[in-house]
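Asker: My file is my_file_27.cif. It has mmCIF, C-alpha atoms and all ligand atoms:
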data_coords
#
loop_
_atom_site.group_PDB
_atom_site.id
_atom_site.type_symbol
_atom_site.label_atom_id
_atom_site.label_comp_id
_atom_site.auth_asym_id
_atom_site.auth_seq_id
_atom_site.Cartn_x
_atom_site.Cartn_y
_atom_site.Cartn_z
ATOM 1 C CA MET A 223 4.566 4.632 -16.304
ATOM 2 C CA SER A 224 1.380 4.756 -18.334
ATOM 3 C CA SER A 225 -1.801 2.833 -17.567
ATOM 4 C CA GLU A 226 -1.281 0.940 -20.833
ATOM 5 C CA ALA A 227 2.100 -0.369 -19.688
ATOM 6 C CA TRP A 228 0.534 -1.586 -16.429
ATOM 7 C CA ARG A 229 -2.306 -3.278 -18.283
ATOM 8 C CA ALA A 230 0.308 -5.297 -20.133
ATOM 9 C CA GLY A 231 1.690 -6.660 -16.846
ATOM 10 C CA LEU A 232 3.550 -5.650 -13.725
ATOM 11 C CA PRO A 233 6.405 -3.343 -14.650
ATOM 12 C CA GLU A 234 9.859 -4.814 -14.932
ATOM 13 C CA LEU A 235 11.918 -1.799 -14.031
ATOM 14 C CA PRO A 236 15.599 -1.957 -13.155
ATOM 15 C CA ARG A 237 14.615 -0.424 -9.797
ATOM 16 C CA PRO A 238 11.718 -0.643 -7.313
ATOM 17 C CA VAL A 239 8.387 0.848 -8.317
ATOM 18 C CA VAL A 240 7.272 3.968 -6.445
ATOM 19 C CA MET A 241 3.578 4.028 -5.579
ATOM 20 C CA GLY A 242 2.449 7.527 -4.549
ATOM 21 C CA VAL A 243 -0.381 7.735 -2.005
ATOM 22 C CA VAL A 244 -3.411 9.969 -2.506
ATOM 23 C CA ASN A 245 -5.899 9.580 0.331
ATOM 24 C CA VAL A 246 -9.220 11.207 -0.513
ATOM 25 C CA THR A 247 -10.319 10.980 3.100
ATOM 26 C CA PRO A 248 -11.124 13.419 5.884
ATOM 27 C CA ASP A 249 -9.497 11.196 8.515
ATOM 28 C CA SER A 250 -6.392 9.270 7.380
ATOM 29 C CA PHE A 251 -3.659 9.424 10.004
ATOM 30 C CA SER A 252 -1.049 10.313 7.418
ATOM 31 C CA ASP A 253 -2.684 13.033 5.360
ATOM 32 C CA GLY A 254 -6.349 13.098 6.427
ATOM 33 C CA GLY A 255 -8.221 16.099 5.110
ATOM 34 C CA ARG A 256 -5.384 17.451 2.993
ATOM 35 C CA TRP A 257 -6.657 16.032 -0.297
ATOM 36 C CA ALA A 258 -10.249 15.434 0.740
ATOM 37 C CA THR A 259 -11.863 17.326 -2.138
ATOM 38 C CA THR A 260 -11.874 15.930 -5.659
ATOM 39 C CA ASP A 261 -9.927 18.871 -7.067
ATOM 40 C CA ALA A 262 -7.284 18.821 -4.346
ATOM 41 C CA ALA A 263 -6.800 15.078 -4.752
ATOM 42 C CA ILE A 264 -6.467 15.324 -8.541
ATOM 43 C CA ALA A 265 -3.962 18.167 -8.223
ATOM 44 C CA HIS A 266 -1.975 16.233 -5.627
ATOM 45 C CA GLY A 267 -1.976 13.106 -7.787
ATOM 46 C CA ALA A 268 -0.749 15.112 -10.781
ATOM 47 C CA GLU A 269 2.033 16.538 -8.602
ATOM 48 C CA LEU A 270 3.160 13.089 -7.414
ATOM 49 C CA HIS A 271 3.085 11.859 -11.011
ATOM 50 C CA ALA A 272 5.233 14.816 -12.084
ATOM 51 C CA GLU A 273 7.693 13.929 -9.313
ATOM 52 C CA GLY A 274 8.088 10.489 -10.871
ATOM 53 C CA ALA A 275 5.554 8.187 -9.190
ATOM 54 C CA ASP A 276 5.167 5.027 -11.275
ATOM 55 C CA ILE A 277 1.604 4.563 -10.050
ATOM 56 C CA LEU A 278 -0.808 6.505 -7.815
ATOM 57 C CA ASP A 279 -2.741 4.697 -5.083
ATOM 58 C CA ILE A 280 -6.121 6.377 -4.580
ATOM 59 C CA GLY A 281 -7.955 5.546 -1.349
ATOM 60 C CA GLY A 282 -11.309 6.621 0.080
ATOM 61 C CA GLU A 283 -11.311 4.711 3.367
ATOM 62 C CA SER A 284 -9.017 5.527 6.256
ATOM 63 C CA THR A 285 -7.474 2.454 7.848
ATOM 64 C CA ARG A 286 -5.933 4.207 10.812
ATOM 65 C CA PRO A 287 -6.457 2.265 14.080
ATOM 66 C CA GLY A 288 -9.994 2.829 15.338
ATOM 67 C CA ALA A 289 -11.317 4.460 12.142
ATOM 68 C CA THR A 290 -14.987 3.914 11.327
ATOM 69 C CA ARG A 291 -15.803 2.820 7.786
ATOM 70 C CA PRO A 292 -17.402 5.186 5.249
ATOM 71 C CA LEU A 293 -20.574 4.099 3.456
ATOM 72 C CA VAL A 294 -19.980 2.439 0.086
ATOM 73 C CA ALA A 295 -21.575 5.456 -1.621
ATOM 74 C CA GLU A 296 -19.219 7.827 0.201
ATOM 75 C CA GLU A 297 -16.187 5.795 -0.761
ATOM 76 C CA LEU A 298 -17.319 5.731 -4.394
ATOM 77 C CA ASP A 299 -17.916 9.495 -4.410
ATOM 78 C CA ARG A 300 -14.450 10.085 -3.038
ATOM 79 C CA VAL A 301 -12.375 7.921 -5.330
ATOM 80 C CA VAL A 302 -14.137 7.480 -8.669
ATOM 81 C CA PRO A 303 -13.895 11.069 -9.996
ATOM 82 C CA VAL A 304 -10.255 11.270 -8.936
ATOM 83 C CA ILE A 305 -9.408 7.984 -10.652
ATOM 84 C CA ARG A 306 -11.316 8.955 -13.797
ATOM 85 C CA ALA A 307 -9.438 12.254 -14.070
ATOM 86 C CA LEU A 308 -5.946 10.877 -13.391
ATOM 87 C CA ALA A 309 -6.363 7.680 -15.431
ATOM 88 C CA GLY A 310 -7.898 9.807 -18.188
ATOM 89 C CA ASP A 311 -4.569 11.622 -18.376
ATOM 90 C CA GLY A 312 -2.858 8.278 -18.981
ATOM 91 C CA ILE A 313 -1.488 8.013 -15.438
ATOM 92 C CA ALA A 314 -1.340 4.522 -13.936
ATOM 93 C CA VAL A 315 -3.740 4.315 -11.003
ATOM 94 C CA SER A 316 -4.306 1.798 -8.243
ATOM 95 C CA VAL A 317 -7.388 1.818 -6.027
ATOM 96 C CA ASP A 318 -6.924 1.221 -2.297
ATOM 97 C CA THR A 319 -10.159 -0.534 -1.370
ATOM 98 C CA MET A 320 -11.533 -3.611 0.377
ATOM 99 C CA ARG A 321 -14.921 -3.437 -1.378
ATOM 100 C CA HIS A 322 -15.895 -5.104 -4.632
ATOM 101 C CA GLU A 323 -18.344 -2.315 -5.547
ATOM 102 C CA VAL A 324 -15.524 0.200 -5.336
ATOM 103 C CA ALA A 325 -13.094 -2.101 -7.164
ATOM 104 C CA VAL A 326 -15.535 -2.474 -10.084
ATOM 105 C CA ALA A 327 -16.173 1.262 -10.355
ATOM 106 C CA ALA A 328 -12.475 2.067 -10.054
ATOM 107 C CA LEU A 329 -11.449 -0.425 -12.751
ATOM 108 C CA GLU A 330 -14.186 0.899 -15.022
ATOM 109 C CA ALA A 331 -12.898 4.423 -14.373
ATOM 110 C CA GLY A 332 -9.421 3.355 -15.546
ATOM 111 C CA ALA A 333 -7.568 1.918 -12.537
ATOM 112 C CA VAL A 334 -5.183 -0.936 -13.377
ATOM 113 C CA VAL A 335 -4.370 -2.281 -9.900
ATOM 114 C CA VAL A 336 -6.552 -3.133 -6.896
ATOM 115 C CA ASN A 337 -4.686 -2.646 -3.620
ATOM 116 C CA ASP A 338 -6.756 -4.621 -1.122
ATOM 117 C CA VAL A 339 -5.416 -4.105 2.390
ATOM 118 C CA SER A 340 -7.514 -7.050 3.558
ATOM 119 C CA GLY A 341 -6.169 -9.438 0.899
ATOM 120 C CA GLY A 342 -9.741 -10.405 0.060
ATOM 121 C CA LEU A 343 -10.760 -11.168 3.648
ATOM 122 C CA ALA A 344 -13.104 -8.187 4.044
ATOM 123 C CA ASP A 345 -14.971 -8.910 0.802
ATOM 124 C CA SER A 346 -14.117 -12.079 -1.108
ATOM 125 C CA ARG A 347 -15.795 -10.735 -4.254
ATOM 126 C CA VAL A 348 -12.929 -8.283 -4.747
ATOM 127 C CA MET A 349 -10.795 -11.138 -6.083
ATOM 128 C CA GLN A 350 -13.452 -12.121 -8.635
ATOM 129 C CA VAL A 351 -13.674 -8.537 -9.848
ATOM 130 C CA VAL A 352 -9.891 -8.366 -10.209
ATOM 131 C CA ALA A 353 -9.915 -11.650 -12.140
ATOM 132 C CA GLU A 354 -12.733 -10.543 -14.461
ATOM 133 C CA HIS A 355 -10.918 -7.314 -15.323
ATOM 134 C CA GLY A 356 -7.456 -8.858 -15.663
ATOM 135 C CA ALA A 357 -6.167 -6.278 -13.182
ATOM 136 C CA ALA A 358 -3.146 -6.589 -10.919
ATOM 137 C CA TYR A 359 -3.847 -7.332 -7.255
ATOM 138 C CA VAL A 360 -1.950 -6.269 -4.136
ATOM 139 C CA VAL A 361 -2.614 -8.771 -1.353
ATOM 140 C CA MET A 362 -1.770 -7.165 1.978
ATOM 141 C CA HIS A 363 -1.522 -9.009 5.288
ATOM 142 C CA TRP A 364 -4.546 -8.130 7.437
ATOM 143 C CA ARG A 365 -6.474 -9.708 10.260
ATOM 144 C CA ALA A 366 -9.368 -7.401 11.171
ATOM 145 C CA HIS A 367 -10.938 -4.024 10.522
ATOM 146 C CA SER A 368 -9.337 -0.948 12.061
ATOM 147 C CA THR A 369 -11.646 -0.765 15.063
ATOM 148 C CA GLU A 370 -10.332 -4.082 16.364
ATOM 149 C CA MET A 371 -7.108 -4.828 14.521
ATOM 150 C CA GLN A 372 -4.741 -4.117 17.394
ATOM 151 C CA GLN A 373 -6.468 -6.853 19.445
ATOM 152 C CA HIS A 374 -5.157 -9.274 16.817
ATOM 153 C CA ALA A 375 -1.524 -8.181 17.105
ATOM 154 C CA SER A 376 -0.405 -11.436 18.667
ATOM 155 C CA TYR A 377 2.082 -13.827 17.053
ATOM 156 C CA ASP A 378 4.471 -16.606 18.084
ATOM 157 C CA ASP A 379 6.599 -15.925 15.012
ATOM 158 C CA VAL A 380 5.375 -12.868 13.180
ATOM 159 C CA LEU A 381 7.248 -13.516 9.933
ATOM 160 C CA VAL A 382 6.126 -17.130 9.629
ATOM 161 C CA GLU A 383 2.504 -16.345 10.477
ATOM 162 C CA VAL A 384 2.302 -13.359 8.127
ATOM 163 C CA ARG A 385 3.887 -15.440 5.361
ATOM 164 C CA ASP A 386 1.524 -18.385 5.912
ATOM 165 C CA GLU A 387 -1.536 -16.156 6.011
ATOM 166 C CA LEU A 388 -0.397 -14.360 2.847
ATOM 167 C CA ALA A 389 0.152 -17.715 1.137
ATOM 168 C CA GLN A 390 -3.465 -18.642 1.884
ATOM 169 C CA ARG A 391 -4.711 -15.367 0.427
ATOM 170 C CA LEU A 392 -2.584 -15.847 -2.699
ATOM 171 C CA GLU A 393 -4.073 -19.314 -3.136
ATOM 172 C CA ALA A 394 -7.571 -17.850 -2.800
ATOM 173 C CA ALA A 395 -6.763 -15.190 -5.399
ATOM 174 C CA VAL A 396 -5.478 -17.758 -7.881
ATOM 175 C CA ALA A 397 -8.541 -19.947 -7.189
ATOM 176 C CA ALA A 398 -10.728 -16.910 -7.967
ATOM 177 C CA GLY A 399 -8.986 -16.606 -11.328
ATOM 178 C CA VAL A 400 -6.382 -13.889 -10.717
ATOM 179 C CA ALA A 401 -3.353 -14.571 -12.919
ATOM 180 C CA ASP A 402 -0.342 -15.473 -10.793
ATOM 181 C CA ASP A 403 1.866 -12.975 -12.636
ATOM 182 C CA ARG A 404 -0.515 -10.160 -11.587
ATOM 183 C CA LEU A 405 -0.090 -10.697 -7.843
ATOM 184 C CA VAL A 406 1.913 -8.618 -5.353
ATOM 185 C CA VAL A 407 2.207 -9.185 -1.584
ATOM 186 C CA ASP A 408 2.622 -6.663 1.197
ATOM 187 C CA PRO A 409 3.398 -7.476 4.859
ATOM 188 C CA GLY A 410 0.938 -4.781 6.003
ATOM 189 C CA LEU A 411 3.092 -2.844 8.449
ATOM 190 C CA GLY A 412 0.965 -1.503 11.315
ATOM 191 C CA PHE A 413 -2.071 -3.650 10.505
ATOM 192 C CA ALA A 414 -2.614 -5.910 13.541
ATOM 193 C CA LYS A 415 1.062 -5.379 14.364
ATOM 194 C CA THR A 416 3.026 -3.660 17.089
ATOM 195 C CA ALA A 417 6.105 -1.588 16.362
ATOM 196 C CA ASP A 418 8.298 -4.588 17.254
ATOM 197 C CA HIS A 419 6.352 -6.781 14.828
ATOM 198 C CA ASN A 420 6.916 -4.209 12.078
ATOM 199 C CA TRP A 421 10.655 -4.087 12.744
ATOM 200 C CA GLU A 422 10.947 -7.853 12.770
ATOM 201 C CA LEU A 423 9.071 -8.098 9.467
ATOM 202 C CA LEU A 424 11.449 -5.550 7.949
ATOM 203 C CA GLN A 425 14.525 -7.292 9.356
ATOM 204 C CA ARG A 426 13.368 -10.616 7.907
ATOM 205 C CA LEU A 427 11.787 -9.283 4.701
ATOM 206 C CA PRO A 428 13.799 -11.591 2.390
ATOM 207 C CA GLU A 429 12.035 -14.557 4.036
ATOM 208 C CA LEU A 430 8.839 -13.452 2.262
ATOM 209 C CA GLU A 431 10.505 -14.144 -1.077
ATOM 210 C CA THR A 432 9.553 -17.818 -0.831
ATOM 211 C CA LEU A 433 5.984 -16.707 -1.624
ATOM 212 C CA GLY A 434 7.277 -16.266 -5.173
ATOM 213 C CA VAL A 435 5.585 -12.943 -5.875
ATOM 214 C CA PRO A 436 6.839 -9.340 -5.868
ATOM 215 C CA ILE A 437 6.909 -7.572 -2.485
ATOM 216 C CA LEU A 438 5.512 -4.102 -1.795
ATOM 217 C CA VAL A 439 6.309 -2.276 1.467
ATOM 218 C CA GLY A 440 4.330 0.573 3.004
ATOM 219 C CA SER A 441 6.116 2.182 5.931
ATOM 220 C CA SER A 442 5.566 5.824 5.068
ATOM 221 C CA ARG A 443 4.563 8.047 8.026
ATOM 222 C CA LYS A 444 3.541 5.078 10.170
ATOM 223 C CA SER A 445 3.484 5.279 13.948
ATOM 224 C CA PHE A 446 6.364 2.859 14.511
ATOM 225 C CA LEU A 447 8.580 5.544 12.956
ATOM 226 C CA GLY A 448 7.011 8.166 15.210
ATOM 227 C CA THR A 449 7.829 6.007 18.232
ATOM 228 C CA LEU A 450 11.386 5.330 17.086
ATOM 229 C CA LEU A 451 11.989 9.052 16.633
ATOM 230 C CA ALA A 452 10.217 10.147 19.849
ATOM 231 C CA GLY A 453 11.481 13.300 21.526
ATOM 232 C CA PRO A 454 13.144 13.417 24.971
ATOM 233 C CA ASP A 455 9.708 13.734 26.596
ATOM 234 C CA GLY A 456 8.585 10.541 24.882
ATOM 235 C CA SER A 457 6.155 12.223 22.507
ATOM 236 C CA PRO A 458 6.138 10.618 19.058
ATOM 237 C CA ARG A 459 7.661 12.484 16.126
ATOM 238 C CA PRO A 460 4.789 14.263 14.293
ATOM 239 C CA VAL A 461 3.466 12.446 11.242
ATOM 240 C CA LEU A 462 4.788 14.929 8.691
ATOM 241 C CA ASP A 463 8.310 14.856 10.202
ATOM 242 C CA ARG A 464 8.938 11.147 9.649
ATOM 243 C CA GLU A 465 9.996 11.446 6.029
ATOM 244 C CA ASP A 466 13.784 11.291 6.440
ATOM 245 C CA ALA A 467 13.443 8.056 8.412
ATOM 246 C CA ASN A 468 11.167 6.664 5.733
ATOM 247 C CA VAL A 469 13.736 7.461 3.064
ATOM 248 C CA ALA A 470 16.204 5.396 5.096
ATOM 249 C CA LEU A 471 13.718 2.524 5.015
ATOM 250 C CA THR A 472 13.171 2.952 1.265
ATOM 251 C CA THR A 473 16.941 2.772 0.809
ATOM 252 C CA ILE A 474 17.274 -0.479 2.753
ATOM 253 C CA ALA A 475 14.204 -1.968 1.074
ATOM 254 C CA ALA A 476 15.652 -1.104 -2.342
ATOM 255 C CA ILE A 477 18.975 -2.738 -1.432
ATOM 256 C CA GLN A 478 17.042 -5.844 -0.430
ATOM 257 C CA GLY A 479 15.388 -5.896 -3.838
ATOM 258 C CA VAL A 480 11.746 -5.196 -3.009
ATOM 259 C CA TRP A 481 9.461 -4.759 -5.995
ATOM 260 C CA GLY A 482 7.959 -1.501 -4.735
ATOM 261 C CA VAL A 483 7.431 1.041 -1.984
ATOM 262 C CA ARG A 484 4.195 2.855 -1.149
ATOM 263 C CA VAL A 485 5.016 6.422 -0.081
ATOM 264 C CA HIS A 486 3.410 9.787 0.535
ATOM 265 C CA GLU A 487 6.433 11.793 -0.644
ATOM 266 C CA VAL A 488 7.592 10.500 -3.978
ATOM 267 C CA ARG A 489 10.633 12.534 -4.852
ATOM 268 C CA ALA A 490 12.772 11.694 -1.832
ATOM 269 C CA SER A 491 12.123 7.954 -2.068
ATOM 270 C CA LEU A 492 12.705 7.943 -5.807
ATOM 271 C CA ASP A 493 16.011 9.780 -5.294
ATOM 272 C CA ALA A 494 17.045 7.148 -2.742
ATOM 273 C CA ILE A 495 16.078 4.357 -5.119
ATOM 274 C CA ARG A 496 18.102 5.948 -7.913
ATOM 275 C CA VAL A 497 21.139 6.113 -5.641
ATOM 276 C CA VAL A 498 20.768 2.442 -4.719
ATOM 277 C CA SER A 499 20.307 1.404 -8.354
ATOM 278 C CA ARG A 500 23.402 3.307 -9.431
ATOM 279 C CA TRP A 501 25.429 1.929 -6.520
ATOM 280 C CA LEU A 502 24.443 -1.648 -7.308
ATOM 281 C CA ASP A 503 24.816 -1.197 -11.065
HETATM 282 N N1 LIG B 1 -1.008 1.292 4.465
HETATM 283 C C1 LIG B 1 -2.061 2.121 4.556
HETATM 284 C C2 LIG B 1 -3.068 2.088 3.575
HETATM 285 N N2 LIG B 1 -2.971 1.257 2.507
HETATM 286 N N3 LIG B 1 -1.778 -0.384 1.323
HETATM 287 C C3 LIG B 1 -0.726 -1.203 1.215
HETATM 288 N N4 LIG B 1 -0.616 -2.031 0.160
HETATM 289 N N5 LIG B 1 0.251 -1.233 2.161
HETATM 290 C C4 LIG B 1 0.216 -0.429 3.258
HETATM 291 O O1 LIG B 1 1.132 -0.519 4.096
HETATM 292 C C5 LIG B 1 -0.903 0.448 3.405
HETATM 293 C C6 LIG B 1 -1.900 0.433 2.401
HETATM 294 C C7 LIG B 1 -2.127 3.030 5.741
HETATM 295 O O2 LIG B 1 -2.673 4.250 5.540
HETATM 296 P P1 LIG B 1 -2.022 5.472 4.670
HETATM 297 O O3 LIG B 1 -2.772 5.462 3.381
HETATM 298 O O4 LIG B 1 -2.314 6.663 5.453
HETATM 299 O O5 LIG B 1 -0.576 5.205 4.487
#
Could I get this structure in the form of structure tokens?
Answerer:
Amino acid sequence: MSSEAWRAGLPELPRPVVMGVVNVTPDSFSDGGRWATTDAAIAHGAELHAEGADILDIGGESTRPGATRPLVAEELDRVVPVIRALAGDGIAVSVDTMRHEVAVAALEAGAVVVNDVSGGLADSRVMQVVAEHGAAYVVMHWRAHSTEMQQHASYDDVLVEVRDELAQRLEAAVAAGVADDRLVVDPGLGFAKTADHNWELLQRLPELETLGVPILVGSSRKSFLGTLLAGPDGSPRPVLDREDANVALTTIAAIQGVWGVRVHEVRASLDAIRVVSRWLD
């Protein structure tokens, strides 16, 4: 889909949206260093677009557990030229950031969605920036920065607590002026969550529908898949060998009617989504 179509509103496709991930970082757990230069990231984004991604999510900060944060200037240097080039080609682009300075620069460079993994908790000004630009806003469930997030992985009822905390963030976004038809929620798999928490959130995903906004799911390459697929010696399945399992998750998520999936490998998930759409047609 083009940036223009996204500016007009969230897409109403007869199938889930596929968001292709481009991490312009030296240290992401999933693809750190692979697209760390501007040229490599632009080329990778163009490739994911050619494979059918509906939107590209460009990120300059790794959120892997324990990661240290880049300086604002570093994050800007990483993402802005990539966004400008891809959006300049008419490709719909989302920026994966928790910082208002980066959100402003990204929207001015042509991004149409702000994907804030902190749901506005890391920097409340992100929501104002989104509102001022009339952008769409992905509100992910989050409790703390990567260095300490696993200390916050404690819940009595993970689904209920994630849903309540997301509801509060949605209220804050609307209070900041974000249009309610521009909001998306994401349960934030792996962010202050154990593998069991992630599985329970997936099993009970339809219970998030009471939030009344579209649901995005990001499971691609995450460690709970590595653990599930561990070898006989207990070692987790390597990050790049978790794709088939993720396609299975995309398939189930599509059957459940999620609005979108955030994936590193676009073609396989899009194929799965097409199969589901045809089956349910
Ligand atoms: N996961 C990562 C980064 N950004 N954004 C959303 N909305 N949902 C996610 O699950 C999510 C995210 C984890 O890092 P990655 O970029 O290496 O997948």
Asker: Nearest to ligand LIG 1 (chain B) among A:Arg496, A:Lys415, A:Arg489, A:His322, with distances taken over all atoms listed in the file: which residue is it?
Answerer: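 Checking each of A:Arg496, A:Lys415, A:Arg489, A:His322 against ligand LIG 1 (chain B), counting all atoms listed in the file, the winner is A:Lys415.
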Asker: Please write as a list in words the list of polymer residues whose atoms come within 10 Å of (-1.3, 0.7, -17.0), counting only C-alpha atoms and keeping to the coordinates of the file.
Answerer: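 I get Met223, Ser224, Ser225, Glu226, Ala227, Trp228, Arg229, Ala230, Gly231, Leu232, Pro233, Asp276, Ile277, Ala309, Gly312, Ile313, Ala314, Val315, Ser316, Gly332, Ala333, Val334, Val335, Ala357 and Ala358 of chain A for the residues within 10 Å of that point.
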Asker: Which residues are near ligand LIG 1 (chain B) - at most 9 Å, using all atoms listed in the file? Format: as a PyMOL selection string.
Answerer: chain A and resi 243-245+250-254+279-281+283-286+318-319+337-339+360-363+406-413+438-444+483-486
Asker: Taking 4 positions as the minimum chain separation for residues in the same chain, which residues sit within 10 Å of Tyr377 in chain A when counting all atoms listed in the file? Answer as an mmCIF file with C-alpha atoms, keeping the file's coordinate frame.
Answerer:
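around21.cif written:
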data_model
loop_
_atom_site.group_PDB
_atom_site.id
_atom_site.type_symbol
_atom_site.label_atom_id
_atom_site.label_comp_id
_atom_site.auth_asym_id
_atom_site.auth_seq_id
_atom_site.Cartn_x
_atom_site.Cartn_y
_atom_site.Cartn_z
ATOM 1 C CA LEU A 381 7.248 -13.516 9.933
ATOM 2 C CA VAL A 382 6.126 -17.130 9.629
ATOM 3 C CA GLU A 383 2.504 -16.345 10.477
ATOM 4 C CA VAL A 384 2.302 -13.359 8.127
ATOM 5 C CA ALA A 414 -2.614 -5.910 13.541
ATOM 6 C CA LYS A 415 1.062 -5.379 14.364
ATOM 7 C CA HIS A 419 6.352 -6.781 14.828
#
Asker: When you draw a straight line from CA of Asp463 in chain A to CA of Met320 in chain A, how long is it in Å?
Answerer: 28.8 Å
Asker: Apply the PyMOL selection byres (((chain A and resi 370) around 12) and not hetatm) to the structure shown and report the selected residues as number ranges by chain.
Answerer: A: 285-290, 364-369, 371-375, 413-415
Asker: Might you pull out every residue within 9 Å of Ala295 in chain A, with all atoms listed in the file counted and same-chain residues fewer than 4 positions away left off, and present them as an NGL selection string?
Answerer: :A and (299-300 or 324)
Asker: Restricting the calculation to all atoms listed in the file: of A:Thr432, A:Val336, A:Leu424, A:Leu447, which residue gets closest to Arg404 in chain A?
Answerer: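 Ranking A:Thr432, A:Val336, A:Leu424, A:Leu447 by distance to Arg404 in chain A, first place goes to A:Val336.
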Asker: Given the file shown, enumerate the residues that the PyMOL selection byres (((chain A and resi 266) around 12) and not hetatm) captures and present them as a PDB file with C-alpha atoms, in the coordinates of the input.
Answerer:
ATOM      1  CA  GLY A 242       2.449   7.527  -4.549  1.00  0.00           C
ATOM      2  CA  VAL A 243      -0.381   7.735  -2.005  1.00  0.00           C
ATOM      3  CA  VAL A 244      -3.411   9.969  -2.506  1.00  0.00           C
ATOM      4  CA  ASN A 245      -5.899   9.580   0.331  1.00  0.00           C
ATOM      5  CA  VAL A 246      -9.220  11.207  -0.513  1.00  0.00           C
ATOM      6  CA  ASP A 253      -2.684  13.033   5.360  1.00  0.00           C
ATOM      7  CA  ARG A 256      -5.384  17.451   2.993  1.00  0.00           C
ATOM      8  CA  TRP A 257      -6.657  16.032  -0.297  1.00  0.00           C
ATOM      9  CA  ALA A 258     -10.249  15.434   0.740  1.00  0.00           C
ATOM     10  CA  THR A 259     -11.863  17.326  -2.138  1.00  0.00           C
ATOM     11  CA  THR A 260     -11.874  15.930  -5.659  1.00  0.00           C
ATOM     12  CA  ASP A 261      -9.927  18.871  -7.067  1.00  0.00           C
ATOM     13  CA  ALA A 262      -7.284  18.821  -4.346  1.00  0.00           C
ATOM     14  CA  ALA A 263      -6.800  15.078  -4.752  1.00  0.00           C
ATOM     15  CA  ILE A 264      -6.467  15.324  -8.541  1.00  0.00           C
ATOM     16  CA  ALA A 265      -3.962  18.167  -8.223  1.00  0.00           C
ATOM     17  CA  GLY A 267      -1.976  13.106  -7.787  1.00  0.00           C
ATOM     18  CA  ALA A 268      -0.749  15.112 -10.781  1.00  0.00           C
ATOM     19  CA  GLU A 269       2.033  16.538  -8.602  1.00  0.00           C
ATOM     20  CA  LEU A 270       3.160  13.089  -7.414  1.00  0.00           C
ATOM     21  CA  HIS A 271       3.085  11.859 -11.011  1.00  0.00           C
ATOM     22  CA  ALA A 272       5.233  14.816 -12.084  1.00  0.00           C
ATOM     23  CA  GLU A 273       7.693  13.929  -9.313  1.00  0.00           C
ATOM     24  CA  ALA A 275       5.554   8.187  -9.190  1.00  0.00           C
ATOM     25  CA  LEU A 278      -0.808   6.505  -7.815  1.00  0.00           C
ATOM     26  CA  ASP A 279      -2.741   4.697  -5.083  1.00  0.00           C
ATOM     27  CA  ILE A 280      -6.121   6.377  -4.580  1.00  0.00           C
ATOM     28  CA  VAL A 304     -10.255  11.270  -8.936  1.00  0.00           C
ATOM     29  CA  ALA A 307      -9.438  12.254 -14.070  1.00  0.00           C
ATOM     30  CA  LEU A 308      -5.946  10.877 -13.391  1.00  0.00           C
ATOM     31  CA  HIS A 486       3.410   9.787   0.535  1.00  0.00           C
ATOM     32  CA  GLU A 487       6.433  11.793  -0.644  1.00  0.00           C
ATOM     33  CA  VAL A 488       7.592  10.500  -3.978  1.00  0.00           C
TER      34      VAL A 488
END
Asker: Running the PyMOL selection byres (((chain A and resi 470) around 12) and not hetatm) on this model by hand, what would come out? Give it as a ChimeraX atom specification.
Answerer: /A:441-442,447,464-469,471-477,490-495,497-498
Asker: Please report the interatomic distance between CA of Leu451 in chain A and CA of Arg426 in chain A in Å with one decimal.
Answerer: 21.6 Å
Asker: Quick one, how far is CA of Leu405 in chain A from CA of Ala327 in chain A?
Answerer: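 CA of Ala327 in chain A lies 20.2 Å from CA of Leu405 in chain A.
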Asker: Let me make sure I understand: among A:Leu462, A:Val380, A:Leu392, A:Ile437, which one has the smallest atom-to-atom distance to Trp481 in chain A if we use all atoms listed in the file?
Answerer: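 The closest residue to Trp481 in chain A is A:Ile437.
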Asker: May I have the protein, DNA and RNA residues with any atom at most 10 Å from the point (-16.4, -16.3, -10.2), counting all atoms listed in the file, written as an MDAnalysis selection string?
Answerer: chainID A and resid 347 349:351 353:354 397:399
